[in-house]
Amino acid sequence: MDFDAARIKMVDNQIRTTDVTDWAILKAFLDVPRERFVPEERRPLAYIDGDVPLGGGRYLMEASPFAKLLQLVAIRPGDRVLDVGATTGYSAAILCRLAASVVALESDAALAAIARDVLPTVGGASCRVVEGPLAEGHAAGAPYDVIVVEGAVDDIPQKLFDQLADGGRLIAVEGRGNAAAARLHIKEEKTISQRFGFNCSIQPLAEFRRSSEFVF
């Protein structure tokens with residue numbers, strides 16, 4: 001399979017067509033070999049227009065919504081970024097081409113191990129992979145200018161907002177299925193404001209699932 005050609009087609013046919021125009025983002029997607037972050041037996045699926053299963057209920061997010069999230073959060077070259085739910089490190093590899101530094105947080109040890117192995121080989125030297133509960137964030141590296149949550153959530157824990165710098169932004173998809181929406185949260189003098197970005201259906205992160213409430 002010609003992965004280089006598939007990568008160009010992904011950018012031209014999946015990302016550009018969904019109103020992603022930021023050249024730095026487009027170049028990052030052109031530069032990063034997505035197939036390197038997918039299990040070998042699934043590499044032919046690396047550039048499909050959909051999520052790529054990684055096992056254990058985790059997925060590599062579809063390229064188009066991920067690119068739209070990055071455009072909405074508007075990462076600057078000097079930003080410090082926390083990537084929550086980094087899986088095998090593909091998202092961190094994209095982010096490190098846009099920001100000054102990236103902390104890639106992953107709760108699955110096997111996925112984190114892949115990220116540690118692959119990232120240094122694709123220009124991810126500014127990425128640091130850490131393991132821990134996703135909903136806890138990574139306070140040791142805070143404050144962050146940007147927090148990117150790599151999956152749909154029911155609620156955003158206060159701990160993540162606490163780890164934002166003043167003027168920091170958090171991007172996440174909130175809700176489930178077709179009713180879910182990408183929202184940008186901005187922290188200003190300890191106050192969080194938010195604005196709607198776009199409707200977006202992506203795979204949920206189980207660690208952010210709201211507990212069921214029983215009604216008698």
# chains A, B, ... in the order shown; residues from 1 in each chain; ligands from 1

$ residues_around --residues "Ala112 in chain A" --least-positions-apart "6" --cutoff "12 Å" --atoms "only C-alpha atoms" --output "list in words"
Phe37, Val84, Gly85, Ala86, Thr87, Thr88, Gly89, Tyr90, Ala92, Val103, Ala104, Leu105, Glu106, Val118, Leu119, Arg128, Val129, Val130, Glu131 and Gly132 of chain A

$ write_last_selection --atoms "C-alpha atoms" --output "mmCIF file, in the first residue's frame"
data_model
loop_
_atom_site.group_PDB
_atom_site.id
_atom_site.type_symbol
_atom_site.label_atom_id
_atom_site.label_comp_id
_atom_site.auth_asym_id
_atom_site.auth_seq_id
_atom_site.Cartn_x
_atom_site.Cartn_y
_atom_site.Cartn_z
ATOM 1 C CA PHE A 37 0.538 4.414 15.147
ATOM 2 C CA VAL A 84 -5.727 13.582 27.263
ATOM 3 C CA GLY A 85 -6.258 10.065 25.904
ATOM 4 C CA ALA A 86 -3.250 10.050 23.574
ATOM 5 C CA THR A 87 -3.507 6.277 22.826
ATOM 6 C CA THR A 88 -0.571 5.296 20.586
ATOM 7 C CA GLY A 89 0.707 8.858 20.200
ATOM 8 C CA TYR A 90 -0.570 9.941 16.780
ATOM 9 C CA ALA A 92 0.712 13.967 20.159
ATOM 10 C CA VAL A 103 2.390 15.983 27.514
ATOM 11 C CA ALA A 104 0.669 12.874 26.142
ATOM 12 C CA LEU A 105 -1.495 11.346 28.892
ATOM 13 C CA GLU A 106 -2.643 7.748 28.486
ATOM 14 C CA VAL A 118 7.094 5.512 17.957
ATOM 15 C CA LEU A 119 7.071 9.218 18.819
ATOM 16 C CA ARG A 128 6.497 13.420 26.911
ATOM 17 C CA VAL A 129 4.317 10.335 27.440
ATOM 18 C CA VAL A 130 2.894 9.849 30.940
ATOM 19 C CA GLU A 131 0.548 7.217 32.337
ATOM 20 C CA GLY A 132 -2.373 7.881 34.635
#

$ residues_around --residues "range 166-170 of chain A" --least-positions-apart "2" --cutoff "7 Å" --atoms "only C-alpha atoms" --output "PyMOL selection string"
chain A and resi 73+144-148+164+172+184-189

$ write_last_selection --atoms "C-alpha atoms" --output "PDB file, in the first residue's frame"
ATOM      1  CA  VAL A  73      -8.635  25.522  19.753  1.00  0.00           C
ATOM      2  CA  TYR A 144      -1.185  24.154  30.288  1.00  0.00           C
ATOM      3  CA  ASP A 145      -2.101  26.657  27.619  1.00  0.00           C
ATOM      4  CA  VAL A 146      -4.179  24.039  25.803  1.00  0.00           C
ATOM      5  CA  ILE A 147      -5.868  20.785  26.847  1.00  0.00           C
ATOM      6  CA  VAL A 148      -7.176  18.490  24.110  1.00  0.00           C
ATOM      7  CA  LEU A 164      -5.342  25.373  32.596  1.00  0.00           C
ATOM      8  CA  ALA A 172     -13.621  18.555  24.007  1.00  0.00           C
ATOM      9  CA  LEU A 184     -14.177  25.395  23.305  1.00  0.00           C
ATOM     10  CA  HIS A 185     -13.665  26.393  26.952  1.00  0.00           C
ATOM     11  CA  ILE A 186     -11.560  29.453  27.810  1.00  0.00           C
ATOM     12  CA  LYS A 187     -10.191  30.260  31.277  1.00  0.00           C
ATOM     13  CA  GLU A 188      -9.936  33.932  32.184  1.00  0.00           C
ATOM     14  CA  GLU A 189      -9.135  34.974  35.749  1.00  0.00           C
TER      15      GLU A 189
END

$ select_by_dssp --residues "range 129-160 of chain A" --states "strand (DSSP E)" --output "MDAnalysis selection string"
chainID A and resid 129:131 144:153

$ write_last_selection --atoms "C-alpha atoms" --output "CSV table (one decimal), in the first residue's frame"
chain,number,residue,atom,x,y,z
A,129,VAL,CA,4.3,10.3,27.4
A,130,VAL,CA,2.9,9.8,30.9
A,131,GLU,CA,0.5,7.2,32.3
A,144,TYR,CA,-1.2,24.2,30.3
A,145,ASP,CA,-2.1,26.7,27.6
A,146,VAL,CA,-4.2,24.0,25.8
A,147,ILE,CA,-5.9,20.8,26.8
A,148,VAL,CA,-7.2,18.5,24.1
A,149,VAL,CA,-9.5,15.7,25.1
A,150,GLU,CA,-9.3,12.7,22.7
A,151,GLY,CA,-12.8,11.3,22.8
A,152,ALA,CA,-16.4,12.2,23.7
A,153,VAL,CA,-17.2,12.9,27.4

$ select_by_dssp --residues "range 3-194 of chain A" --states "alpha helix (DSSP H)" --output "ChimeraX atom specification"
/A:3-9,23-31,63-73,90-95,109-118,158-162

$ write_last_selection --atoms "C-alpha atoms" --output "short mmCIF file (atom, residue, chain, number, x, y, z; two decimals), in the first residue's frame"
data_model
loop_
_atom_site.label_atom_id
_atom_site.label_comp_id
_atom_site.auth_asym_id
_atom_site.auth_seq_id
_atom_site.Cartn_x
_atom_site.Cartn_y
_atom_site.Cartn_z
CA PHE A 3 0.86 5.20 2.50
CA ASP A 4 2.28 8.51 1.25
CA ALA A 5 -0.40 8.73 -1.43
CA ALA A 6 -3.07 7.69 1.09
CA ARG A 7 -1.94 10.45 3.44
CA ILE A 8 -2.29 13.10 0.74
CA LYS A 9 -5.75 11.81 -0.15
CA TRP A 23 -1.88 25.50 6.78
CA ALA A 24 0.11 24.47 9.89
CA ILE A 25 -2.55 21.86 10.71
CA LEU A 26 -2.73 20.57 7.14
CA LYS A 27 1.06 20.29 6.97
CA ALA A 28 1.18 18.39 10.27
CA PHE A 29 -1.30 15.82 8.92
CA LEU A 30 0.74 15.54 5.73
CA ASP A 31 3.98 15.04 7.66
CA ALA A 63 -8.78 12.59 10.97
CA SER A 64 -11.45 15.13 10.00
CA PRO A 65 -13.01 15.83 13.43
CA PHE A 66 -9.58 15.80 15.06
CA ALA A 67 -8.33 18.43 12.59
CA LYS A 68 -11.46 20.54 13.17
CA LEU A 69 -10.93 20.40 16.94
CA LEU A 70 -7.34 21.60 16.51
CA GLN A 71 -8.43 24.47 14.27
CA LEU A 72 -11.05 25.52 16.82
CA VAL A 73 -8.64 25.52 19.75
CA TYR A 90 -0.57 9.94 16.78
CA SER A 91 -2.39 12.96 18.19
CA ALA A 92 0.71 13.97 20.16
CA ALA A 93 2.83 13.72 17.00
CA ILE A 94 0.44 16.17 15.29
CA LEU A 95 0.31 18.46 18.32
CA ALA A 109 0.02 0.97 29.60
CA ALA A 110 0.24 -0.98 26.33
CA LEU A 111 -0.88 2.01 24.25
CA ALA A 112 1.46 4.34 26.15
CA ALA A 113 4.36 1.96 25.45
CA ILE A 114 3.67 2.18 21.70
CA ALA A 115 3.59 5.97 21.93
CA ARG A 116 6.97 6.01 23.69
CA ASP A 117 8.48 3.78 21.03
CA VAL A 118 7.09 5.51 17.96
CA GLN A 158 -12.94 20.38 37.40
CA LYS A 159 -9.41 19.00 37.77
CA LEU A 160 -8.79 19.59 34.07
CA PHE A 161 -9.97 23.20 34.27
CA ASP A 162 -7.73 23.67 37.32
#

$ closest_residue --among "A:Met1, A:Ile48, A:Ala135, A:Val20" --to "Met61 in chain A" --atoms "only C-alpha atoms"
A:Ile48

$ closest_residue --among "A:Ala46, A:Ala125, A:Leu205, A:Ala165" --to "Ala139 in chain A" --atoms "only C-alpha atoms"
A:Ala165

$ atom_distance --atom1 "CA of Tyr47 in chain A" --atom2 "CA of Gly175 in chain A"
25.7 Å

$ residues_around --residues "Arg183 in chain A" --least-positions-apart "2" --cutoff "7 Å" --atoms "only C-alpha atoms" --output "VMD selection string"
chain A and resid 171 to 173 181 185 194 to 197

$ atom_distance --atom1 "CA of Glu136 in chain A" --atom2 "CA of Gly177 in chain A"
24.1 Å

$ residues_around --residues "Arg42 in chain A" --least-positions-apart "5" --cutoff "10 Å" --atoms "only C-alpha atoms" --output "PyMOL selection string"
chain A and resi 35+37+52-54
